[in-house]
Structure formats: structure tokens, C-alpha cells
>>> print(open('entry-v5.cif').read())   # mmCIF, C-alpha atoms and all ligand atoms
data_input
#
loop_
_atom_site.label_atom_id
_atom_site.label_comp_id
_atom_site.auth_asym_id
_atom_site.auth_seq_id
_atom_site.Cartn_x
_atom_site.Cartn_y
_atom_site.Cartn_z
CA MET A 1 87.92 -22.04 35.60
CA GLY A 2 84.71 -24.05 36.05
CA ILE A 3 84.05 -22.58 39.51
CA LEU A 4 84.81 -19.02 38.35
CA PHE A 5 82.41 -19.45 35.45
CA LYS A 6 79.74 -20.79 37.82
CA ILE A 7 80.15 -17.80 40.17
CA PHE A 8 79.98 -15.44 37.20
CA ARG A 9 76.81 -17.15 35.95
CA ILE A 10 75.14 -16.87 39.37
CA GLN A 11 76.12 -13.21 39.74
CA LEU A 12 74.77 -12.50 36.28
CA GLN A 13 71.50 -14.19 37.15
CA LEU A 14 71.27 -12.25 40.42
CA LEU A 15 71.59 -9.03 38.45
CA ARG A 16 68.90 -10.28 36.08
CA ASN A 17 66.68 -11.10 39.09
CA ILE A 18 67.10 -7.58 40.44
CA ALA A 19 66.36 -6.03 37.04
CA ALA A 20 63.34 -8.27 36.52
CA LYS A 21 62.10 -7.42 40.00
CA GLN A 22 62.36 -3.71 39.37
CA ILE A 23 60.41 -3.78 36.13
CA SER A 24 57.82 -6.42 36.88
CA ASP A 25 57.08 -6.36 40.60
CA SER A 26 53.39 -6.25 39.88
CA MET A 27 53.64 -9.40 37.79
CA SER A 28 55.64 -11.48 40.21
CA LEU A 29 54.62 -14.77 41.69
CA ILE A 30 55.12 -16.06 45.22
CA VAL A 31 55.52 -19.84 45.47
CA VAL A 32 55.16 -21.49 48.85
CA GLY A 33 55.84 -25.20 49.42
CA THR A 34 58.32 -27.90 50.28
CA MET A 35 61.87 -28.23 48.98
CA ALA A 36 62.76 -31.79 49.75
CA PHE A 37 64.47 -35.09 49.17
CA ASP A 38 62.38 -37.92 47.77
CA ALA A 39 62.92 -41.67 47.54
CA ILE A 40 60.89 -43.04 44.64
CA GLU A 41 60.13 -46.51 43.38
CA THR A 42 58.35 -47.04 40.08
CA PRO A 43 58.08 -50.14 37.85
CA PHE A 44 60.94 -48.53 35.84
CA GLY A 45 63.44 -48.08 38.63
CA LYS A 46 64.34 -46.69 42.01
CA GLU A 47 65.95 -43.50 43.32
CA ASP A 48 66.95 -43.37 47.00
CA LYS A 49 67.60 -39.66 47.31
CA ILE A 50 66.53 -37.24 44.62
CA VAL A 51 65.63 -33.57 44.94
CA GLY A 52 61.88 -32.93 45.06
CA GLY A 53 59.29 -30.97 46.96
CA SER A 54 56.18 -29.14 45.81
CA ALA A 55 57.83 -25.70 45.60
CA THR A 56 60.83 -27.08 43.70
CA TYR A 57 58.62 -28.48 40.93
CA VAL A 58 56.43 -25.36 40.80
CA ALA A 59 59.51 -23.11 40.54
CA TYR A 60 61.12 -25.17 37.76
CA THR A 61 57.94 -25.10 35.69
CA ALA A 62 56.52 -21.62 36.39
CA SER A 63 59.89 -19.95 35.72
CA ASN A 64 59.44 -20.81 32.03
CA PHE A 65 56.62 -18.26 31.94
CA ILE A 66 57.31 -15.66 34.60
CA GLN A 67 60.26 -14.34 36.57
CA PRO A 68 61.00 -13.50 39.29
CA ILE A 69 59.57 -16.34 41.31
CA ASN A 70 59.54 -15.35 44.98
CA GLN A 71 60.16 -18.68 46.72
CA VAL A 72 59.05 -19.41 50.31
CA SER A 73 60.26 -22.66 51.86
CA ILE A 74 62.56 -24.23 54.42
CA ILE A 75 65.54 -26.54 53.92
CA GLY A 76 68.20 -28.24 56.02
CA ASP A 77 71.91 -27.78 55.36
CA ASP A 78 71.82 -31.06 53.42
CA PHE A 79 69.91 -29.49 50.50
CA PRO A 80 72.30 -29.35 47.50
CA LYS A 81 73.87 -25.94 46.83
CA GLU A 82 73.98 -26.79 43.13
CA GLU A 83 70.19 -27.10 43.08
CA ILE A 84 69.84 -23.67 44.70
CA HIS A 85 72.19 -22.22 42.10
CA GLN A 86 70.18 -23.75 39.27
CA LEU A 87 66.96 -22.29 40.68
CA ILE A 88 68.53 -18.84 41.10
CA PHE A 89 69.75 -19.08 37.53
CA ARG A 90 66.11 -19.54 36.47
CA GLY A 91 64.98 -16.36 38.23
CA VAL A 92 63.93 -17.92 41.52
CA VAL A 93 64.51 -15.52 44.42
CA MET A 94 65.64 -17.33 47.58
CA ASP A 95 65.17 -14.56 50.19
CA GLY A 96 62.17 -16.42 51.62
CA VAL A 97 63.88 -19.82 51.81
CA GLU A 98 65.12 -20.47 55.33
CA MET A 99 68.11 -22.78 55.82
CA ILE A 100 68.44 -24.51 59.20
CA LYS A 101 72.00 -25.54 60.08
CA GLY A 102 72.44 -29.06 61.46
CA LYS A 103 68.94 -30.17 60.44
CA LYS A 104 67.61 -32.32 57.63
CA SER A 105 65.34 -31.25 54.77
CA PHE A 106 61.80 -32.61 54.43
CA PHE A 107 61.87 -36.22 53.18
CA TRP A 108 59.12 -38.09 51.34
CA SER A 109 59.17 -41.61 50.01
CA GLY A 110 56.64 -43.26 47.71
CA ARG A 111 56.06 -46.38 45.66
CA TYR A 112 53.96 -46.34 42.47
CA HIS A 113 51.61 -49.13 41.48
CA GLU A 114 51.85 -50.84 38.09
CA ASP A 115 49.28 -48.44 36.55
CA MET A 116 51.39 -45.41 37.67
CA ASN A 117 48.17 -43.57 38.57
CA SER A 118 48.21 -44.49 42.23
CA ARG A 119 50.99 -44.60 44.79
CA ASP A 120 51.63 -45.52 48.40
CA THR A 121 53.39 -43.07 50.66
CA LEU A 122 56.06 -45.06 52.51
CA ALA A 123 57.47 -42.22 54.65
CA THR A 124 56.85 -38.54 55.36
CA ASP A 125 59.63 -37.16 57.59
CA LEU A 126 58.79 -33.53 58.29
CA ASN A 127 62.30 -32.73 59.68
CA VAL A 128 62.78 -28.92 59.27
CA LEU A 129 59.14 -28.59 58.19
CA ALA A 130 57.93 -29.46 61.70
CA ASP A 131 58.90 -25.98 63.00
CA PHE A 132 58.36 -23.95 59.85
CA ASN A 133 57.13 -20.46 60.63
CA PRO A 134 57.77 -18.48 57.42
CA ARG A 135 58.55 -14.77 57.53
CA LEU A 136 57.67 -13.11 54.25
CA PRO A 137 60.51 -10.84 53.06
CA ASP A 138 59.48 -7.21 52.46
CA ASN A 139 60.58 -7.40 48.83
CA TYR A 140 57.90 -10.08 48.21
CA GLN A 141 55.08 -7.67 49.16
CA GLY A 142 53.01 -6.53 46.19
CA SER A 143 53.33 -9.81 44.28
CA GLU A 144 50.17 -10.26 42.23
CA PHE A 145 50.01 -14.05 42.18
CA LEU A 146 50.33 -16.51 45.04
CA MET A 147 50.80 -20.24 44.53
CA LEU A 148 50.33 -22.15 47.77
CA GLY A 149 52.01 -25.46 46.96
CA ASN A 150 51.29 -28.55 49.00
CA LEU A 151 52.29 -27.80 52.60
CA GLN A 152 50.81 -27.62 56.13
CA PRO A 153 47.59 -25.56 55.82
CA SER A 154 48.62 -23.44 58.85
CA VAL A 155 51.79 -22.38 57.00
CA GLN A 156 49.81 -21.63 53.84
CA MET A 157 47.50 -19.45 55.95
CA SER A 158 50.38 -17.66 57.65
CA VAL A 159 51.70 -16.53 54.25
CA ILE A 160 48.27 -15.21 53.19
CA LYS A 161 48.01 -13.27 56.47
CA GLN A 162 51.43 -11.65 56.03
CA LEU A 163 50.55 -10.14 52.65
CA LYS A 164 49.63 -6.46 53.07
CA LYS A 165 47.69 -6.43 49.80
CA ARG A 166 45.63 -9.42 48.68
CA PRO A 167 47.11 -10.87 45.47
CA LYS A 168 45.05 -10.83 42.28
CA LEU A 169 44.84 -14.62 42.43
CA ILE A 170 45.55 -17.22 45.13
CA VAL A 171 45.94 -20.79 43.88
CA MET A 172 46.24 -23.63 46.36
CA ASP A 173 47.26 -27.27 46.19
CA THR A 174 46.84 -29.78 49.01
CA MET A 175 46.71 -33.54 49.57
CA ASN A 176 45.06 -36.33 51.54
CA PHE A 177 47.86 -36.20 54.16
CA TRP A 178 46.65 -32.76 55.31
CA MET A 179 42.96 -33.73 55.08
CA GLU A 180 43.71 -36.50 57.54
CA SER A 181 46.01 -34.58 59.89
CA ALA A 182 44.90 -30.90 59.71
CA MET A 183 41.33 -30.68 58.37
CA PRO A 184 40.19 -27.71 60.55
CA ASP A 185 43.18 -25.63 59.36
CA LEU A 186 42.60 -26.74 55.78
CA GLU A 187 38.97 -25.58 55.91
CA LYS A 188 40.13 -22.13 57.06
CA VAL A 189 42.59 -21.74 54.15
CA LEU A 190 39.97 -22.92 51.65
CA LYS A 191 37.87 -19.88 52.56
CA GLU A 192 40.74 -17.57 51.49
CA VAL A 193 41.71 -18.97 48.10
CA ASP A 194 40.48 -18.49 44.52
CA VAL A 195 41.55 -21.77 42.91
CA LEU A 196 41.92 -25.20 44.52
CA LEU A 197 43.86 -27.97 42.78
CA VAL A 198 43.34 -31.56 43.92
CA ASN A 199 43.29 -35.00 42.33
CA ASP A 200 40.09 -37.00 41.91
CA ALA A 201 40.62 -39.14 45.04
CA GLU A 202 41.27 -36.00 47.10
CA ALA A 203 38.18 -34.25 45.71
CA ARG A 204 36.10 -37.28 46.77
CA GLN A 205 37.74 -37.38 50.21
CA LEU A 206 37.28 -33.65 50.80
CA SER A 207 33.61 -33.63 49.76
CA GLY A 208 32.50 -37.10 50.81
CA GLN A 209 30.94 -37.50 47.33
CA TYR A 210 31.89 -40.04 44.66
CA SER A 211 30.41 -38.08 41.74
CA LEU A 212 32.97 -35.44 40.78
CA VAL A 213 30.19 -33.06 39.72
CA LYS A 214 28.59 -33.28 43.18
CA ALA A 215 32.05 -33.12 44.81
CA ALA A 216 32.80 -29.93 42.86
CA ARG A 217 29.56 -28.30 43.99
CA ILE A 218 30.38 -29.02 47.64
CA ILE A 219 34.02 -27.92 47.38
CA LEU A 220 33.05 -24.68 45.60
CA SER A 221 30.75 -23.94 48.53
CA MET A 222 33.73 -24.29 50.91
CA GLY A 223 35.46 -21.16 49.54
CA PRO A 224 37.33 -21.52 46.22
CA LYS A 225 35.72 -19.95 43.15
CA PHE A 226 37.46 -22.38 40.80
CA LEU A 227 38.20 -26.06 41.30
CA ILE A 228 40.62 -28.11 39.23
CA VAL A 229 40.38 -31.88 39.56
CA LYS A 230 43.45 -33.69 38.20
CA LYS A 231 42.87 -37.18 36.90
CA GLY A 232 46.41 -38.27 36.03
CA GLU A 233 46.63 -39.82 32.57
CA HIS A 234 42.91 -39.04 32.14
CA GLY A 235 43.37 -35.27 32.11
CA ALA A 236 41.89 -32.54 34.27
CA LEU A 237 38.53 -30.85 34.90
CA LEU A 238 37.97 -27.17 35.66
CA PHE A 239 34.80 -26.23 37.56
CA HIS A 240 33.49 -22.67 38.06
CA GLU A 241 29.92 -21.85 39.04
CA ASP A 242 27.84 -23.98 36.63
CA ARG A 243 30.57 -24.24 34.02
CA VAL A 244 32.94 -27.09 33.40
CA PHE A 245 35.90 -27.56 31.07
CA PHE A 246 37.86 -30.74 30.38
CA ALA A 247 41.43 -31.07 29.09
CA PRO A 248 43.02 -34.43 28.30
CA ALA A 249 46.54 -35.48 29.25
CA LEU A 250 48.90 -36.10 26.36
CA PRO A 251 49.00 -39.86 25.64
CA LEU A 252 52.66 -40.76 26.34
CA GLU A 253 54.39 -44.00 25.40
CA ASP A 254 56.36 -44.16 28.65
CA VAL A 255 55.76 -42.61 32.03
CA PHE A 256 58.90 -43.08 34.12
CA ASP A 257 58.03 -41.22 37.30
CA PRO A 258 54.81 -39.30 38.00
CA THR A 259 56.28 -37.58 41.09
CA GLY A 260 55.84 -33.84 40.81
CA ALA A 261 53.36 -34.06 37.92
CA GLY A 262 50.70 -32.30 40.01
CA ASP A 263 53.11 -29.55 41.05
CA SER A 264 54.37 -29.16 37.48
CA PHE A 265 50.76 -28.82 36.35
CA ALA A 266 50.28 -26.13 39.01
CA GLY A 267 53.47 -24.32 37.93
CA GLY A 268 52.41 -24.25 34.28
CA PHE A 269 48.87 -23.21 35.20
CA VAL A 270 49.77 -20.31 37.49
CA GLY A 271 52.81 -19.37 35.38
CA HIS A 272 50.61 -18.86 32.32
CA LEU A 273 48.03 -16.83 34.28
CA ALA A 274 50.72 -14.63 35.79
CA LYS A 275 52.38 -14.11 32.40
CA THR A 276 49.13 -13.14 30.68
CA HIS A 277 47.72 -11.26 33.69
CA ASP A 278 44.29 -12.62 32.86
CA VAL A 279 42.36 -14.66 35.44
CA SER A 280 39.18 -15.23 33.42
CA PHE A 281 37.61 -18.69 33.01
CA GLU A 282 38.50 -18.57 29.29
CA ASN A 283 42.19 -17.97 30.02
CA MET A 284 42.15 -20.66 32.69
CA LYS A 285 41.24 -23.14 29.93
CA THR A 286 44.51 -22.29 28.19
CA ALA A 287 46.34 -22.37 31.53
CA ILE A 288 45.13 -25.93 32.06
CA ILE A 289 46.59 -26.97 28.73
CA VAL A 290 49.88 -25.27 29.68
CA GLY A 291 49.77 -27.11 33.04
CA SER A 292 49.13 -30.43 31.31
CA THR A 293 52.05 -29.71 28.97
CA MET A 294 54.46 -29.16 31.87
CA ALA A 295 53.19 -32.28 33.66
CA SER A 296 53.77 -34.32 30.49
CA PHE A 297 57.45 -33.34 30.52
CA CYS A 298 57.85 -33.97 34.24
CA VAL A 299 56.89 -37.65 34.06
CA GLU A 300 59.41 -38.48 31.30
CA LYS A 301 62.36 -38.82 33.70
CA PHE A 302 62.94 -39.29 37.43
CA GLY A 303 62.44 -36.28 39.69
CA PRO A 304 62.77 -32.81 38.11
CA THR A 305 65.49 -34.02 35.65
CA ARG A 306 63.45 -33.54 32.47
CA LEU A 307 62.16 -30.13 33.57
CA LYS A 308 65.73 -28.82 33.66
CA GLU A 309 66.38 -29.88 30.05
CA ILE A 310 63.41 -28.48 28.18
CA THR A 311 63.49 -25.29 26.14
CA LYS A 312 60.83 -22.84 25.02
CA GLN A 313 60.82 -24.63 21.64
CA ASP A 314 60.07 -27.97 23.35
CA ILE A 315 57.19 -26.36 25.26
CA ASP A 316 55.76 -24.70 22.13
CA LYS A 317 56.01 -27.95 20.16
CA ARG A 318 54.14 -29.86 22.84
CA LEU A 319 51.48 -27.16 23.12
CA ARG A 320 50.91 -27.63 19.39
CA GLN A 321 50.56 -31.40 19.94
CA PHE A 322 47.87 -30.68 22.52
CA HIS A 323 46.11 -28.44 20.06
CA GLU A 324 46.16 -31.24 17.45
CA LEU A 325 44.91 -33.74 20.03
CA VAL A 326 41.73 -31.88 20.89
CA ASN A 327 41.02 -29.84 17.78
CA PHE A 328 38.11 -31.14 15.70
CA ASP A 329 35.29 -29.83 13.56
CA ILE A 330 31.91 -31.29 14.04
CA GLU A 331 28.59 -30.61 12.41
CA LEU A 332 25.82 -30.41 14.94
CA VAL A 333 22.89 -32.63 13.93
P1 LIG B 1 53.04 -34.54 43.38
O1 LIG B 1 53.55 -35.81 42.75
O2 LIG B 1 52.82 -33.44 42.40
O3 LIG B 1 51.88 -34.79 44.27
O4 LIG B 1 54.19 -33.97 44.32
C1 LIG B 1 55.22 -34.77 44.82
C2 LIG B 1 56.13 -33.91 45.70
O5 LIG B 1 55.40 -33.50 46.86
C3 LIG B 1 57.33 -34.70 46.19
O6 LIG B 1 58.49 -34.15 45.61
C4 LIG B 1 57.30 -34.56 47.71
O7 LIG B 1 58.54 -34.14 48.24
C5 LIG B 1 56.22 -33.56 48.00
N1 LIG B 1 55.36 -33.99 49.11
C6 LIG B 1 54.97 -35.24 49.42
N2 LIG B 1 54.19 -35.25 50.51
C7 LIG B 1 54.08 -33.96 50.91
C8 LIG B 1 53.40 -33.31 51.98
N3 LIG B 1 52.68 -33.98 52.88
N4 LIG B 1 53.50 -31.95 52.06
C9 LIG B 1 54.21 -31.27 51.16
N5 LIG B 1 54.89 -31.81 50.15
C10 LIG B 1 54.83 -33.15 50.00
#
>>> encode(input="entry-v5.cif", output="C-alpha cells", more="lines below")
Ligand code: AMP
Amino acid sequence: MGILFKIFRIQLQLLRNIAAKQISDSMSLIVVGTMAFDAIETPFGKEDKIVGGSATYVAYTASNFIQPINQVSIIGDDFPKEEIHQLIFRGVVMDGVEMIKGKKSFFWSGRYHEDMNSRDTLATDLNVLADFNPRLPDNYQGSEFLMLGNLQPSVQMSVIKQLKKRPKLIVMDTMNFWMESAMPDLEKVLKEVDVLLVNDAEARQLSGQYSLVKAARIILSMGPKFLIVKKGEHGALLFHEDRVFFAPALPLEDVFDPTGAGDSFAGGFVGHLAKTHDVSFENMKTAIIVGSTMASFCVEKFGPTRLKEITKQDIDKRLRQFHELVNFDIELV
């Protein structure tokens, strides 16, 4: 009975995916990134093998705002079928996810420091990712938004090159690992994207500047028109030309596991832009609040667990909390 119900649910969702695709092709979002296993150690506990990966987190968060999500990734045959089913159920199209028989999925392991803002990477096993050469399915062509999650810059570039029509907006995430191992490729992708998302340490590393204002000026001259600098529990900054906007993070009593917070931020950010179809600076301010909201849920439990539980009501309630947090009247003197 349980299995039959599950099959029925998946078939129903597939039909929904097809219907959604037919009516909203122009609004769809391509998400590129890793689908992985993580081993995580925080002051609150330890998980030896939990599902993770940049594209997994982006898909779980962005699908609250827009469907279909056209996923591009690679997995081994060890990646849980149940996880795939849950993603399909949320409107994530798997045509662009390659499964390699007899090989292992990407594996990342990290340990967080007491302050939870910094972490050490203990292992990065590329496994299937080492030979990833994505082929973009035809039915993904025409997608208006592209989210390049954290991944080898050469793979990010290959997806951009395969698109027959440039998307309305290309958002890109990256990390220090790629700055250290693939900087020339990273510089090429930076020239092609509209929005770059990095954390403060990465912005400093990429620009060679400690001041984030100077770092932003240098990074904006490398290609992206918008730069978002994530500062963990201290919020995020949006830079564009000479303008800057700041959004705080929601003060939370407990942060259990920050893994995926950056990707959840990205999913909320690009999900909101794709839903509203508006890529103006003003709308990006709202998108940053939506991104911060999704990140605040992500850190409440290990891995993507919390992201699977939340409802639209939870998201709306937290958006209102953000509004309360930053809303004030002031008389200019
Ligand atoms: P975040 O905490 O948002 O930076 O993202 C954490 C996720 O990124 C984890 O689930 C990892 O599987 C994934 N990840 C870690 N290192 C890399 C890497 N070098 N390339 C792509 N994904 C990675």
C-alpha cells in the first residue's frame, strides 16, 4: 500500500511538472551544482553521511517560489532514490542529472568552529564530479533564470555555452576551493554572469582587498553587475554600481548546522527573482530578505532536514519577523 501510494504520488508530481513546464517555460529556472553526501561536525553533534550538495539545497529552497526547477548535476548510484523522489515531488526536473553506475557521489566533510561562522574542510572527494561534462537537455532551453551553484568553474561555463538564448539573469556562487584550484577558469565565468554570491572571506580572497567596499569595486570590474557578500550571522551586503544595500540575518537562539546556508540563501534569492520576473536593484533587496529567510530555516537542523518541513505559512511568518526586525521610523535631524 505504502509503495503504491508513493508511486502514485511521484506520477502525480511528474504530471504536475509537465503541466507546469508547458505553462511557464519562460519562467523556469536552471540550477547547476553538486548533489552530494556530507559528513558534518558541529558543537551540537555529528553526522557521518547526510545528503547535501549545492544544487540540492538550492532546489529545496527555490522550489518554494518557482517550479519547475531544471536541475543539472551528477550523482553516483549510491545517491538515495528517496531523496530524488522528494525533489521530483517538489517540481524538480531530473532530466539533467546524470547517474553513473558503480561510482560514488561527490563527498564533502567539514568541521565547524565554536562560533559556527567558520569551518574547516576535512575532505573533498570529487568522485563522479571529476569527469562531469554536463549535457543540457533540450527541454531546458529557453529557461529565463540560471543559478550556477558552487561547482567547478569549467562546468559552470559549459552550461552557459550550451544555452542557445542567454537567460534573463545568471547568478553564480563559488568558493575558496575553486579560487585556489581553478582561478583562470573562474575569471572566465565571472565575465559571463550578472550576480556573484560569495562570503566575506571569499570576497577578500578574490579581490586581494580587506575592505569589503574596495573588494566590491574590484570584483564588479571583473564581470558581475551585482555582488552579494554573505556575512553569516551578520547578514549580507548587495553592491551594484555605487549603490549598496544591507540586510541582517535573523538573530536565532540556536544554530545547529550552517551547512547549506549559503546555497539556501541563493535558492531563496533567485527563486524570488524568478517568481516575480523582476531583476531590478529594488527587487533584489527583497530577494535578499527572502534568501536570508531560507538560510535561517536551513541552519535550524542538520543538513536539509528543516527545509523539507517548512510550509508557505512558516516562510511568510518569518518574512514578517524580518520586516519587524528592520522596520523603523526615524526623524532626520
Ligand atoms: P554552503 O554551506 O552553502 O557553502 O554549502 C555546503 C554544501 O556545498 C555542502 O552540502 C557540500 O556538499 C557542498 N560543497 C562543499 N564543497 C564543495 C565544492 N568544492 N564544490 C561544490 N560543492 C561543494
>>> atom_distance(input="entry-v5.cif", atom1="atom CA of A:Arg243", atom2="atom CA of A:Leu273")
19.0 Å
>>> residues_near_ligand(input="entry-v5.cif", ligand="ligand LIG 1 (chain B)", cutoff="7 Å", atoms="only C-alpha atoms and all ligand atoms", output="ChimeraX atom specification")
/A:33-38,52-54,107-108,124,150-152,175,177-178,258-264
>>> closest_residue(input="entry-v5.cif", among="A:Lys275, A:Lys308, A:Lys165, A:His234", to="A:Phe65", atoms="all atoms listed in the file")
A:Lys275
>>> residues_around(input="entry-v5.cif", residues="stretch 207-211 of chain A", least_positions_apart="3", cutoff="12 Å", atoms="only C-alpha atoms", output="PyMOL selection string")
chain A and resi 176+179+183+187+198+200-204+214-222+229
>>> write_last_selection(input="entry-v5.cif", atoms="C-alpha atoms", output="CSV table (one decimal), keeping the file's coordinate frame")
chain,number,residue,atom,x,y,z
A,176,ASN,CA,45.1,-36.3,51.5
A,179,MET,CA,43.0,-33.7,55.1
A,183,MET,CA,41.3,-30.7,58.4
A,187,GLU,CA,39.0,-25.6,55.9
A,198,VAL,CA,43.3,-31.6,43.9
A,200,ASP,CA,40.1,-37.0,41.9
A,201,ALA,CA,40.6,-39.1,45.0
A,202,GLU,CA,41.3,-36.0,47.1
A,203,ALA,CA,38.2,-34.2,45.7
A,204,ARG,CA,36.1,-37.3,46.8
A,214,LYS,CA,28.6,-33.3,43.2
A,215,ALA,CA,32.0,-33.1,44.8
A,216,ALA,CA,32.8,-29.9,42.9
A,217,ARG,CA,29.6,-28.3,44.0
A,218,ILE,CA,30.4,-29.0,47.6
A,219,ILE,CA,34.0,-27.9,47.4
A,220,LEU,CA,33.0,-24.7,45.6
A,221,SER,CA,30.8,-23.9,48.5
A,222,MET,CA,33.7,-24.3,50.9
A,229,VAL,CA,40.4,-31.9,39.6
>>> atom_distance(input="entry-v5.cif", atom1="atom CA of A:Ile288", atom2="atom CA of A:Glu324")
15.6 Å
>>> residues_around(input="entry-v5.cif", residues="A:Asp194", least_positions_apart="4", cutoff="12 Å", atoms="only C-alpha atoms", output="ChimeraX atom specification")
/A:145-148,166-173,189-190,219-228,239-240,270,279-281
>>> atom_distance(input="entry-v5.cif", atom1="atom CA of A:Thr305", atom2="atom CA of A:Ser292")
17.3 Å
>>> closest_residue(input="entry-v5.cif", among="A:Ser296, A:Thr56, A:Asn283, A:Asn64", to="A:Lys312", atoms="all atoms listed in the file")
A:Asn64
>>> residues_near_point(input="entry-v5.cif", point="(44.0, -29.0, 25.8)", cutoff="7 Å", atoms="all atoms listed in the file", output="NGL selection string")
:A and (247-248 or 289 or 322-323 or 326)
>>> residues_near_point(input="entry-v5.cif", point="(57.9, -16.9, 51.3)", cutoff="12 Å", atoms="all atoms listed in the file", output="JSON, numbers by chain")
{"A": [29, 30, 31, 32, 33, 34, 55, 69, 70, 71, 72, 73, 74, 92, 93, 94, 95, 96, 97, 98, 132, 133, 134, 135, 136, 137, 138, 139, 140, 141, 143, 146, 147, 148, 149, 155, 156, 157, 158, 159, 160, 161, 162, 163]}
>>> axis_aligned_box(input="entry-v5.cif", around="stretch 146-163 of chain A", padding_each_side="3 Å", output="JSON")
{"center_x": 49.9, "center_y": -19.3, "center_z": 51.7, "size_x": 10.8, "size_y": 24.4, "size_z": 20.3}
>>> decode(input="entry-v5.cif", residues="stretch 53-110 of chain A", atoms="C-alpha atoms", output="mmCIF file, in the first residue's frame")
data_model
loop_
_atom_site.group_PDB
_atom_site.id
_atom_site.type_symbol
_atom_site.label_atom_id
_atom_site.label_comp_id
_atom_site.auth_asym_id
_atom_site.auth_seq_id
_atom_site.Cartn_x
_atom_site.Cartn_y
_atom_site.Cartn_z
ATOM 1 C CA GLY A 53 25.404 19.460 -2.210
ATOM 2 C CA SER A 54 24.934 22.982 -3.517
ATOM 3 C CA ALA A 55 22.242 22.075 -6.068
ATOM 4 C CA THR A 56 20.294 20.025 -3.516
ATOM 5 C CA TYR A 57 19.972 22.988 -1.146
ATOM 6 C CA VAL A 58 19.167 25.436 -3.960
ATOM 7 C CA ALA A 59 16.454 23.105 -5.312
ATOM 8 C CA TYR A 60 14.826 22.569 -1.904
ATOM 9 C CA THR A 61 14.652 26.314 -1.258
ATOM 10 C CA ALA A 62 13.930 27.765 -4.722
ATOM 11 C CA SER A 63 11.099 25.276 -5.334
ATOM 12 C CA ASN A 64 9.061 27.134 -2.691
ATOM 13 C CA PHE A 65 8.858 30.044 -5.132
ATOM 14 C CA ILE A 66 9.121 28.655 -8.642
ATOM 15 C CA GLN A 67 8.572 25.363 -10.428
ATOM 16 C CA PRO A 68 9.789 23.649 -12.492
ATOM 17 C CA ILE A 69 13.395 23.668 -11.376
ATOM 18 C CA ASN A 70 15.554 22.261 -14.167
ATOM 19 C CA GLN A 71 18.320 20.501 -12.244
ATOM 20 C CA VAL A 72 21.803 19.852 -13.692
ATOM 21 C CA SER A 73 24.135 17.657 -11.646
ATOM 22 C CA ILE A 74 25.843 14.289 -11.416
ATOM 23 C CA ILE A 75 25.416 11.519 -8.841
ATOM 24 C CA GLY A 76 26.698 8.012 -8.214
ATOM 25 C CA ASP A 77 24.370 5.042 -7.775
ATOM 26 C CA ASP A 78 24.744 5.489 -4.011
ATOM 27 C CA PHE A 79 22.600 8.665 -4.005
ATOM 28 C CA PRO A 80 19.311 7.832 -2.214
ATOM 29 C CA LYS A 81 16.332 7.193 -4.507
ATOM 30 C CA GLU A 82 14.039 8.563 -1.806
ATOM 31 C CA GLU A 83 15.810 11.925 -1.996
ATOM 32 C CA ILE A 84 15.317 12.023 -5.771
ATOM 33 C CA HIS A 85 11.635 11.239 -5.303
ATOM 34 C CA GLN A 86 11.261 14.035 -2.758
ATOM 35 C CA LEU A 87 12.894 16.507 -5.134
ATOM 36 C CA ILE A 88 10.691 15.404 -8.051
ATOM 37 C CA PHE A 89 7.689 15.817 -5.789
ATOM 38 C CA ARG A 90 8.732 19.454 -5.291
ATOM 39 C CA GLY A 91 8.813 20.153 -9.033
ATOM 40 C CA VAL A 92 12.499 19.464 -9.618
ATOM 41 C CA VAL A 93 13.087 18.043 -13.109
ATOM 42 C CA MET A 94 15.862 15.428 -13.140
ATOM 43 C CA ASP A 95 16.494 15.111 -16.908
ATOM 44 C CA GLY A 96 19.815 16.925 -16.497
ATOM 45 C CA VAL A 97 21.024 14.836 -13.545
ATOM 46 C CA GLU A 98 23.399 12.133 -14.721
ATOM 47 C CA MET A 99 23.687 8.936 -12.683
ATOM 48 C CA ILE A 100 26.928 6.950 -13.003
ATOM 49 C CA LYS A 101 26.583 3.255 -12.166
ATOM 50 C CA GLY A 102 29.265 1.774 -9.905
ATOM 51 C CA LYS A 103 30.627 5.179 -8.875
ATOM 52 C CA LYS A 104 30.297 7.276 -5.740
ATOM 53 C CA SER A 105 28.624 10.672 -5.390
ATOM 54 C CA PHE A 106 30.627 13.796 -4.515
ATOM 55 C CA PHE A 107 31.610 13.761 -0.821
ATOM 56 C CA TRP A 108 32.449 16.743 1.382
ATOM 57 C CA SER A 109 33.326 16.773 5.036
ATOM 58 C CA GLY A 110 33.623 19.791 7.322
#
